Amino acid sequence: MNNPLILGIESSCDDTAAAVMQGNRVLSNVLSTQFIHESYGGVVPEMAGRAHMENIVAVVDEALQKANVEAKDLDAIAFTQGPGLMVSLVVGTSFAKGLALSLNKPLIAVHHMKAHILSHFIEDERMSPPTFPYLCLTVSGGHTQLVIVHSPLSMEIIGKTIDDAAGEAFDKAAKMLGFPYPGGPHIDLNASQGNPAAFSFSKPRIEGLDFSFSGLKTSILYTLKKHQETDPEFIQKNLFDLCASVQESITDILVDKLKKAQKITGIQHIALSGGVSINSGLRNKIGLWEKDAPELSFHFALPKYCTDNAAMIAMAGSFLYQEKHFTDQSVAAASRLSW
Ligand code: KG4
Ligand code: ZN
């Protein structure tokens, strides 16, 4: 079957999401974001697990209703097996297993990061998916990876962060600047009014294609501390410039490695996935690169498919369905799922 009807369920972190897709066409895409973590500076696992339990039935129900689909007509149920927060993953995994068992439908376990990478195949009005093989920079709150995507089911990691993820770097810097969690979008918004060259932070010196953001985090912390000793209102007075400079540093690190990876691999199709790929500073830098290198093609998913969503889980599920990549009822959630 070319266009299976798949229900996707995502609960790896702080978003409870469900989507119904027919092949690569989205029939519904429902998301319930947990704002309860905002004031805690990060996701509180126990609260996340509880909120998923409260929301999951309503979210799946809404996805089926919006798609005008009855559960009995689904071809398969795809769910995020990992990686992610265990207390969150078990909710989606257990729910998907129960649903598949009761409906006697195939069950498909999806790797969250691979789903981010395959989000480029979700149909949208612009629709220009990358051609294989493509180079994918996946930048989210938990991961930062450079991946060669040979085919939907064959992906090779060629670089990754050795400490914090890019989204984590944004969120930790944002916390120091006084923003609620997740702070990445706040930095992006305020950076547009600041000078990216106002402050310079130390750059990592990591060989090869791996990333590091922990030194940058320390450098930002020391800069803030040093200035606050003489001016307690330093952050408020320089907020726009600080945001612009932080964004400049993080996006420089990302684009430098992506350019290096392109040079080494010679791959001409380049895609960016994950929540950080929405960042306007990052998109501007890619835009400048694109002007200099017309032989390369660049691909961004729509913002709603960059951050966590269930359409990407159903999309990955659809590719796995074609290969009959089904799992049985012994499957368990895995916070560190192997590639
Ligand atoms: O992919 P995602 O929704 O979830 C994970 O799988 O982690 O990514 C969330 C991350 C958060 O760290 C958030 O701050 C960051 O993406 N993010 C951004 C922007 N929008 C979301 N970072 C920078 N600029 C943005 N506009
Ligand atoms: Zn994600």
# chains A, B, ... in the order shown; residues from 1 in each chain; ligands from 1
>>> residues_around(residues="segment 52-66 of chain A", least_positions_apart="5", cutoff="9 Å", atoms="only C-alpha atoms", output="ChimeraX atom specification")
/A:7-9,11,14-20,27-32,34,47,71,88,91-92,95
>>> residues_around(residues="His120 of chain A", least_positions_apart="3", cutoff="8 Å", atoms="only C-alpha atoms", output="list of chain:residue names")
A:Ile117, A:Pro129, A:Pro130, A:Ala271, A:Ser273, A:His299, A:Phe300, A:Ala301
>>> closest_residue(among="A:Gln329, A:Gly142, A:Glu168, A:Leu282", to="Gly98 of chain A", atoms="only C-alpha atoms")
A:Gln329
>>> closest_atom_pairs(of="segment 160-182 of chain A", to="segment 221-225 of chain A", cutoff="9 Å", atoms="only C-alpha atoms", output="tab-separated table")
residue	atom	partner	partner_atom	distance
A:Ala173	CA	A:Leu221	CA	8.0
A:Met176	CA	A:Leu221	CA	7.3
A:Leu177	CA	A:Leu224	CA	8.7
>>> residues_around(residues="Lys175 of chain A", least_positions_apart="4", cutoff="10 Å", atoms="only C-alpha atoms", output="list of chain:residue names")
A:Tyr40, A:Gly41, A:Gly42, A:Ala169, A:Phe170, A:Asp171, A:Phe179, A:Pro180, A:Tyr181, A:Pro182, A:Gly183, A:Gly184
>>> residues_around(residues="segment 312-323 of chain A", least_positions_apart="5", cutoff="9 Å", atoms="only C-alpha atoms", output="ChimeraX atom specification")
/A:1-10,18-26,75-80,106,108-112,114-122,152-153,305-306
>>> write_last_selection(atoms="N, CA and C atoms", output="CSV table (one decimal), in the first residue's frame")
chain,number,residue,atom,x,y,z
A,1,MET,N,0.8,-1.2,0.0
A,1,MET,CA,0.0,0.0,0.0
A,1,MET,C,0.9,1.3,0.0
A,2,ASN,N,0.6,2.2,-0.9
A,2,ASN,CA,1.5,3.4,-1.0
A,2,ASN,C,1.1,4.4,-0.1
A,3,ASN,N,-0.2,4.6,0.2
A,3,ASN,CA,-0.6,5.7,1.1
A,3,ASN,C,-1.3,5.2,2.3
A,4,PRO,N,-0.6,4.5,3.2
A,4,PRO,CA,-1.3,3.9,4.4
A,4,PRO,C,-1.8,5.0,5.3
A,5,LEU,N,-2.9,4.7,6.0
A,5,LEU,CA,-3.5,5.6,6.9
A,5,LEU,C,-2.9,5.4,8.3
A,6,ILE,N,-2.1,6.3,8.8
A,6,ILE,CA,-1.3,6.1,10.0
A,6,ILE,C,-1.6,7.1,11.1
A,7,LEU,N,-1.8,6.6,12.3
A,7,LEU,CA,-1.9,7.4,13.5
A,7,LEU,C,-0.6,7.5,14.1
A,8,GLY,N,-0.1,8.8,14.3
A,8,GLY,CA,1.2,9.0,14.9
A,8,GLY,C,1.0,9.5,16.3
A,9,ILE,N,1.8,9.0,17.3
A,9,ILE,CA,1.7,9.5,18.7
A,9,ILE,C,3.1,9.9,19.2
A,10,GLU,N,3.1,11.1,19.7
A,10,GLU,CA,4.4,11.6,20.2
A,10,GLU,C,4.3,12.1,21.6
A,18,ALA,N,-0.7,14.0,18.6
A,18,ALA,CA,-1.2,12.9,17.8
A,18,ALA,C,-1.5,13.5,16.4
A,19,ALA,N,-1.3,12.7,15.4
A,19,ALA,CA,-1.6,13.1,14.0
A,19,ALA,C,-2.1,11.9,13.2
A,20,VAL,N,-2.9,12.2,12.2
A,20,VAL,CA,-3.3,11.2,11.2
A,20,VAL,C,-2.8,11.6,9.9
A,21,MET,N,-2.1,10.7,9.2
A,21,MET,CA,-1.6,11.0,7.9
A,21,MET,C,-1.9,9.9,6.9
A,22,GLN,N,-2.2,10.3,5.7
A,22,GLN,CA,-2.4,9.3,4.6
A,22,GLN,C,-1.2,9.5,3.7
A,23,GLY,N,-0.3,8.5,3.7
A,23,GLY,CA,1.0,8.7,3.0
A,23,GLY,C,1.7,9.9,3.6
A,24,ASN,N,2.0,10.9,2.7
A,24,ASN,CA,2.7,12.1,3.3
A,24,ASN,C,1.7,13.3,3.5
A,25,ARG,N,0.4,13.0,3.4
A,25,ARG,CA,-0.6,14.1,3.5
A,25,ARG,C,-1.1,14.1,4.9
A,26,VAL,N,-1.1,15.3,5.5
A,26,VAL,CA,-1.5,15.4,6.9
A,26,VAL,C,-3.0,15.6,6.9
A,75,ASP,N,-4.5,2.0,9.2
A,75,ASP,CA,-3.6,0.8,8.8
A,75,ASP,C,-2.6,0.5,9.8
A,76,ALA,N,-2.2,1.5,10.6
A,76,ALA,CA,-1.1,1.2,11.6
A,76,ALA,C,-1.1,2.3,12.7
A,77,ILE,N,-0.5,2.0,13.8
A,77,ILE,CA,-0.3,3.0,14.8
A,77,ILE,C,1.2,3.1,15.1
A,78,ALA,N,1.7,4.4,14.8
A,78,ALA,CA,3.2,4.7,15.0
A,78,ALA,C,3.3,5.5,16.3
A,79,PHE,N,4.4,5.3,17.0
A,79,PHE,CA,4.6,6.0,18.3
A,79,PHE,C,6.1,6.2,18.5
A,80,THR,N,6.4,7.3,19.3
A,80,THR,CA,7.8,7.5,19.6
A,80,THR,C,8.3,6.6,20.7
A,106,PRO,N,-1.2,-3.2,13.1
A,106,PRO,CA,0.2,-3.2,13.3
A,106,PRO,C,0.7,-2.0,14.1
A,108,ILE,N,4.1,0.4,15.1
A,108,ILE,CA,5.4,0.8,14.5
A,108,ILE,C,6.1,1.7,15.5
A,109,ALA,N,7.3,1.3,15.9
A,109,ALA,CA,8.1,2.0,16.8
A,109,ALA,C,9.0,3.0,16.1
A,110,VAL,N,9.0,4.3,16.4
A,110,VAL,CA,9.7,5.3,15.7
A,110,VAL,C,10.8,5.9,16.6
A,111,HIS,N,11.9,6.2,16.0
A,111,HIS,CA,13.0,6.9,16.6
A,111,HIS,C,12.8,8.4,16.4
A,112,HIS,N,12.7,9.1,17.6
A,112,HIS,CA,12.3,10.5,17.5
A,112,HIS,C,13.2,11.3,16.6
A,114,LYS,N,15.1,10.3,14.1
A,114,LYS,CA,14.9,10.0,12.7
A,114,LYS,C,13.7,10.6,12.1
A,115,ALA,N,12.6,10.7,13.0
A,115,ALA,CA,11.4,11.4,12.6
A,115,ALA,C,11.6,12.8,12.3
A,116,HIS,N,12.4,13.5,13.1
A,116,HIS,CA,12.8,14.9,12.8
A,116,HIS,C,13.4,15.0,11.4
A,117,ILE,N,14.3,14.1,11.1
A,117,ILE,CA,15.0,14.1,9.8
A,117,ILE,C,14.0,13.9,8.7
A,118,LEU,N,13.0,13.0,8.9
A,118,LEU,CA,12.1,12.7,7.8
A,118,LEU,C,10.9,13.7,7.7
A,119,SER,N,10.9,14.7,8.6
A,119,SER,CA,9.8,15.7,8.6
A,119,SER,C,9.8,16.4,7.3
A,120,HIS,N,10.9,16.4,6.5
A,120,HIS,CA,11.0,17.1,5.2
A,120,HIS,C,10.1,16.5,4.2
A,121,PHE,N,9.6,15.3,4.4
A,121,PHE,CA,8.7,14.6,3.4
A,121,PHE,C,7.2,14.8,3.7
A,122,ILE,N,6.9,15.5,4.8
A,122,ILE,CA,5.5,15.9,5.0
A,122,ILE,C,5.0,16.9,4.0
A,152,PRO,N,15.2,6.7,3.4
A,152,PRO,CA,14.4,6.9,4.6
A,152,PRO,C,14.8,6.0,5.8
A,153,LEU,N,15.3,4.8,5.5
A,153,LEU,CA,15.6,3.9,6.6
A,153,LEU,C,17.1,3.7,6.8
A,305,TYR,N,6.4,21.7,11.8
A,305,TYR,CA,7.0,20.4,11.7
A,305,TYR,C,8.5,20.3,12.1
A,306,CYS,N,9.0,21.5,12.5
A,306,CYS,CA,10.4,21.6,13.0
A,306,CYS,C,10.4,21.2,14.5
>>> residues_near_ligand(ligand="ligand 2", cutoff="6 Å", atoms="only C-alpha atoms and all ligand atoms", output="PyMOL selection string")
chain A and resi 140+274+308
>>> select_by_dssp(residues="segment 145-276 of chain A", states="strand (DSSP E or B)", output="number ranges by chain")
A: 145-151, 154-161, 211, 269-273
>>> closest_residue(among="A:Glu125, A:Leu254, A:Ile148, A:Asp73", to="Thr161 of chain A", atoms="only C-alpha atoms")
A:Leu254
>>> atom_distance(atom1="atom CA of Ala333 of chain A", atom2="atom CA of Ser39 of chain A")
27.9 Å
>>> select_by_dssp(residues="segment 29-81 of chain A", states="alpha helix (DSSP H)", output="PyMOL selection string")
chain A and resi 45-67
>>> atom_distance(atom1="atom CA of Asp241 of chain A", atom2="atom CA of Gly178 of chain A")
14.5 Å
>>> closest_residue(among="A:Ala261, A:Ala165, A:Ser297, A:Tyr134", to="His150 of chain A", atoms="only C-alpha atoms")
A:Tyr134
>>> closest_residue(among="A:Leu135, A:Ala197, A:Ala310, A:Ile158", to="Leu272 of chain A", atoms="only C-alpha atoms")
A:Leu135
>>> closest_residue(among="A:Leu209, A:Cys13, A:Ala332, A:Leu146", to="His37 of chain A", atoms="only C-alpha atoms")
A:Cys13
>>> atom_distance(atom1="atom CA of Asp231 of chain A", atom2="atom CA of Asn190 of chain A")
20.9 Å
>>> closest_residue(among="A:Arg283, A:Leu288, A:Gly275, A:Gly82", to="Pro185 of chain A", atoms="only C-alpha atoms")
A:Gly275
>>> residues_around(residues="Asp188 of chain A", least_positions_apart="4", cutoff="9 Å", atoms="only C-alpha atoms", output="count of residues only")
9
>>> decode(residues="segment 274-296 of chain A", atoms="N, CA and C atoms", output="short mmCIF file (atom, residue, chain, number, x, y, z; two decimals), in the first residue's frame")
data_model
loop_
_atom_site.label_atom_id
_atom_site.label_comp_id
_atom_site.auth_asym_id
_atom_site.auth_seq_id
_atom_site.Cartn_x
_atom_site.Cartn_y
_atom_site.Cartn_z
N GLY A 274 14.46 20.04 13.35
CA GLY A 274 14.43 20.23 14.81
C GLY A 274 14.09 21.67 15.18
N GLY A 275 13.73 21.85 16.46
CA GLY A 275 13.24 23.15 16.92
C GLY A 275 14.16 24.32 16.62
N VAL A 276 15.48 24.13 16.76
CA VAL A 276 16.42 25.25 16.54
C VAL A 276 16.48 25.65 15.07
N SER A 277 16.06 24.76 14.17
CA SER A 277 16.12 25.11 12.74
C SER A 277 15.14 26.22 12.37
N ILE A 278 14.25 26.58 13.31
CA ILE A 278 13.35 27.73 13.08
C ILE A 278 14.11 29.03 13.25
N ASN A 279 15.21 29.00 14.01
CA ASN A 279 15.89 30.24 14.41
C ASN A 279 16.19 31.15 13.21
N SER A 280 15.79 32.42 13.33
CA SER A 280 15.93 33.30 12.17
C SER A 280 17.39 33.64 11.88
N GLY A 281 18.23 33.72 12.92
CA GLY A 281 19.65 33.97 12.68
C GLY A 281 20.28 32.84 11.89
N LEU A 282 19.90 31.61 12.23
CA LEU A 282 20.42 30.43 11.53
C LEU A 282 19.92 30.45 10.08
N ARG A 283 18.65 30.72 9.91
CA ARG A 283 18.08 30.74 8.54
C ARG A 283 18.72 31.84 7.69
N ASN A 284 19.01 33.00 8.31
CA ASN A 284 19.67 34.08 7.57
C ASN A 284 21.06 33.66 7.10
N LYS A 285 21.78 32.99 7.99
CA LYS A 285 23.15 32.55 7.63
C LYS A 285 23.11 31.53 6.49
N ILE A 286 22.12 30.64 6.55
CA ILE A 286 21.99 29.65 5.47
C ILE A 286 21.62 30.38 4.17
N GLY A 287 20.79 31.41 4.31
CA GLY A 287 20.39 32.20 3.14
C GLY A 287 21.61 32.83 2.46
N LEU A 288 22.54 33.34 3.25
CA LEU A 288 23.76 33.96 2.70
C LEU A 288 24.63 32.91 2.02
N TRP A 289 24.71 31.74 2.65
CA TRP A 289 25.50 30.64 2.07
C TRP A 289 24.90 30.23 0.71
N GLU A 290 23.57 30.16 0.69
CA GLU A 290 22.85 29.76 -0.52
C GLU A 290 23.20 30.69 -1.69
N LYS A 291 23.31 32.00 -1.38
CA LYS A 291 23.65 32.97 -2.44
C LYS A 291 25.04 32.72 -2.99
N ASP A 292 25.94 32.31 -2.11
CA ASP A 292 27.34 32.05 -2.51
C ASP A 292 27.51 30.72 -3.21
N ALA A 293 26.57 29.80 -2.99
CA ALA A 293 26.74 28.43 -3.51
C ALA A 293 25.47 27.96 -4.21
N PRO A 294 25.21 28.50 -5.41
CA PRO A 294 23.95 28.16 -6.10
C PRO A 294 23.84 26.68 -6.47
N GLU A 295 24.96 25.97 -6.45
CA GLU A 295 24.91 24.54 -6.80
C GLU A 295 24.30 23.70 -5.67
N LEU A 296 24.18 24.29 -4.46
CA LEU A 296 23.62 23.54 -3.33
C LEU A 296 22.12 23.80 -3.20
#
